[in-house]
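Chemist: This structure is in structure tokens; I'll ask about it shortly.
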Amino acid sequence: MAKHSKKQERMAVWVPCKGYVKRFLVSNYNRPDDDWAELVNLSPNRELAEDFRRRLIRGEARRDLTVRGRYTTQVAIEISMDTFQRYGWLLSPTETLHFNSRLERDVKQVLHTYCAMLSITGLSIADRIKRFRKATGITEIDWDTDSIRKELQRNAKINGEDDFEQICKKIEEKCWAILSKSGHITQQGLDEYERD
């Protein structure tokens with residue numbers, strides 16, 4: 001359901017979601033003002049904003065799935081008056097599920113990448129989860145520790161290997177650049193060490 005603020009002509013679609021999805025959206029896309037303490041504006045991420053816009057409908061979705069009880073919270077996502085008039089002001093239950101699935105994958109990718117980076121330090125999974133929570137603000141209520149641990153144990157190697165490899169590559173590049181700049185290795189050595 002869209003809510004309209006006359007003061008700044010800001011409108012929002014209320015989207016049911018999991019707590020960690022809301023926290024992720026608010027952390028990355030919040031554009032608060034006097035009327036809205038939390039109002040997500042997806043425009044900095046064109047692809048995500050377009051995906052959301054395509055899912056909007058004008059009226060009630062009859063004979064659609066239900067999302068009642070599936071999500072613990074909701075988030076306000078800002079739409080323009082033009083979007084409201086041209087595309088709609090709500091998500092059907094099916095589109096709500098699909099949009100949430102996409103966002104859940106995004107948050108899990110952040111989790112996997114962050115934990116892959118920390119794994120090279122030798123930190124335990126419990127410590128990596130604590131650091132992830134502290135960095136992202138995702139609380140136990142938003143996403144319980146057992147679920148995060150299971151996610152990492154089941155999918156970290158599948159989703160995290162490429163990210164881990166990229167992180168290691170960046171660390172190696174930084175190391176070689178520092179050694180080259182300090183004169184400990186030559187340009188020839190740098191070129192040799194950076195070759196795949």
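Identifiers in this document derive from the order of the structure tokens: chains are assigned A, B, ..., residues are numbered from 1 separately in each chain, and ligands are numbered from 1 in order of occurrence.
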Report the closest atom pair, with its distance in Å rounded to one decimal, for each residue of region 83-124 of chain A that has an atom no farther than 8 Å from region 11-24 of chain A; count only C-alpha atoms, sort by chain and then rising residue number, and write it as a tab-separated table.

Modeler:
```
residue	atom	partner	partner_atom	distance
A:Trp89	CA	A:Val13	CA	6.0
A:Leu90	CA	A:Val13	CA	5.8
A:Leu91	CA	A:Val15	CA	7.4
A:Thr96	CA	A:Val15	CA	7.0
A:Asn100	CA	A:Cys17	CA	6.4
A:Leu103	CA	A:Val21	CA	6.4
A:Glu104	CA	A:Val21	CA	6.3
A:Val107	CA	A:Phe24	CA	6.9
```

Chemist: Taking the backbone alone, and naming residues the way the document does, which bits of chain A are strand (DSSP E or B) by DSSP, as a count of residues only?

Modeler: 25

Chemist: Using CA of Gly189 (chain A) and CA of Lys174 (chain A) as the two end points, give the distance in Å to one decimal.

Modeler: 14.3 Å

Chemist: For region 114-122 of chain A, work out the shell of residues within 7 Å, counting only C-alpha atoms and skipping chain neighbours fewer than 3 positions away, then give it as a PyMOL selection string.

Modeler: chain A and resi 110-111+128+160+164+167

Chemist: Just the selected residues (N, CA, C and O atoms), exported as a PDB file, in the first residue's frame, please.

Modeler:
```
ATOM      1  N   VAL A 110      26.877 -10.943   0.310  1.00  0.00           N
ATOM      2  CA  VAL A 110      27.680 -10.059   1.159  1.00  0.00           C
ATOM      3  C   VAL A 110      28.250 -10.856   2.340  1.00  0.00           C
ATOM      4  O   VAL A 110      29.435 -10.750   2.667  1.00  0.00           O
ATOM      5  N   LEU A 111      27.412 -11.668   2.967  1.00  0.00           N
ATOM      6  CA  LEU A 111      27.852 -12.519   4.083  1.00  0.00           C
ATOM      7  C   LEU A 111      28.992 -13.428   3.651  1.00  0.00           C
ATOM      8  O   LEU A 111      30.026 -13.499   4.319  1.00  0.00           O
ATOM      9  N   ARG A 128      33.578 -14.667  12.988  1.00  0.00           N
ATOM     10  CA  ARG A 128      33.242 -14.021  11.712  1.00  0.00           C
ATOM     11  C   ARG A 128      31.804 -13.517  11.727  1.00  0.00           C
ATOM     12  O   ARG A 128      31.523 -12.423  11.247  1.00  0.00           O
ATOM     13  N   GLY A 160      31.343 -18.786  -2.188  1.00  0.00           N
ATOM     14  CA  GLY A 160      32.424 -17.962  -1.705  1.00  0.00           C
ATOM     15  C   GLY A 160      33.768 -18.159  -2.376  1.00  0.00           C
ATOM     16  O   GLY A 160      34.657 -17.342  -2.217  1.00  0.00           O
ATOM     17  N   PHE A 164      36.515 -15.370  -2.550  1.00  0.00           N
ATOM     18  CA  PHE A 164      37.735 -15.601  -1.783  1.00  0.00           C
ATOM     19  C   PHE A 164      38.947 -15.429  -2.690  1.00  0.00           C
ATOM     20  O   PHE A 164      39.931 -14.783  -2.314  1.00  0.00           O
ATOM     21  N   ILE A 167      39.525 -11.773  -3.390  1.00  0.00           N
ATOM     22  CA  ILE A 167      40.086 -11.106  -2.216  1.00  0.00           C
ATOM     23  C   ILE A 167      41.574 -11.414  -2.102  1.00  0.00           C
ATOM     24  O   ILE A 167      42.386 -10.507  -1.900  1.00  0.00           O
TER      25      ILE A 167
END
```

Chemist: Write out as a PyMOL selection string each polymer residue whose atoms come within 12 Å of Lys150 (chain A), counting only C-alpha atoms; drop sequence neighbours fewer than 4 positions from it.

Modeler: chain A and resi 108+112+125-126+129+143-146+154-156

Chemist: For those residues, write N, CA, C and O atoms to a file as a compact mmCIF listing (two decimals), in the first residue's frame.

Modeler:
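Written out: again-v9.txt:
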```txt
# COMPACT_ATOMS: atom_id res chain seq x y z
N LYS A 108 23.10 -12.62 1.33
CA LYS A 108 23.91 -13.82 1.55
C LYS A 108 25.24 -13.73 0.81
O LYS A 108 26.27 -14.20 1.31
N HIS A 112 28.82 -14.12 2.52
CA HIS A 112 29.84 -15.06 2.06
C HIS A 112 31.15 -14.36 1.73
O HIS A 112 32.22 -14.84 2.09
N ILE A 125 34.17 -19.37 12.74
CA ILE A 125 32.89 -18.97 12.16
C ILE A 125 32.13 -18.08 13.13
O ILE A 125 31.54 -17.07 12.73
N ALA A 126 32.15 -18.42 14.41
CA ALA A 126 31.43 -17.62 15.42
C ALA A 126 31.96 -16.19 15.45
O ALA A 126 31.18 -15.23 15.50
N ILE A 129 30.90 -14.31 12.29
CA ILE A 129 29.49 -13.90 12.39
C ILE A 129 29.36 -12.67 13.29
O ILE A 129 28.64 -11.73 12.95
N TRP A 143 18.34 -11.94 12.02
CA TRP A 143 18.81 -13.18 11.39
C TRP A 143 19.57 -13.95 12.46
O TRP A 143 20.67 -13.56 12.86
N ASP A 144 19.00 -15.05 12.93
CA ASP A 144 19.61 -15.75 14.06
C ASP A 144 20.92 -16.43 13.68
O ASP A 144 21.14 -16.82 12.54
N THR A 145 21.79 -16.56 14.67
CA THR A 145 23.14 -17.08 14.47
C THR A 145 23.14 -18.49 13.90
O THR A 145 23.95 -18.80 13.03
N ASP A 146 22.25 -19.35 14.37
CA ASP A 146 22.20 -20.73 13.85
C ASP A 146 21.91 -20.74 12.35
O ASP A 146 22.51 -21.51 11.60
N ARG A 154 26.66 -24.65 4.57
CA ARG A 154 26.07 -25.28 3.38
C ARG A 154 26.59 -24.68 2.08
O ARG A 154 26.76 -25.38 1.09
N ASN A 155 26.77 -23.36 2.06
CA ASN A 155 26.97 -22.69 0.77
C ASN A 155 28.24 -21.87 0.65
O ASN A 155 28.49 -21.29 -0.40
N ALA A 156 29.06 -21.79 1.68
CA ALA A 156 30.24 -20.92 1.62
C ALA A 156 31.20 -21.33 0.51
O ALA A 156 31.70 -20.49 -0.21
```

Chemist: Just give me the gap between CA of Val26 (chain A) and CA of Gln153 (chain A) in Å, one decimal is fine.

Modeler: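 Those two atoms sit 27.0 Å apart.
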
Chemist: What's the 7 Å shell around Leu39 (chain A), counting only C-alpha atoms, without same-chain residues fewer than 5 positions away, as a VMD selection string?

Modeler: chain A and resid 30 to 32 76 to 78

Chemist: Using only C-alpha atoms, find the one residue out of A:Arg58, A:Gln109, A:Arg53, A:Arg86 that sits nearest to Glu151 (chain A).

Modeler: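 Between A:Arg58, A:Gln109, A:Arg53, A:Arg86, the residue approaching Glu151 (chain A) most closely is A:Gln109.
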
Chemist: Tell me, which residues of region 16-196 of chain A carry DSSP alpha helix (DSSP H), written as a PyMOL selection string?

Modeler: chain A and resi 19-29+46-55+81-86+93-119+125-136+145-181+187-194

Chemist: In Å, rounded to a single decimal, give me how far CA of Asp51 (chain A) is from CA of Arg70 (chain A).

Modeler: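 These two atoms are separated by 21.6 Å.
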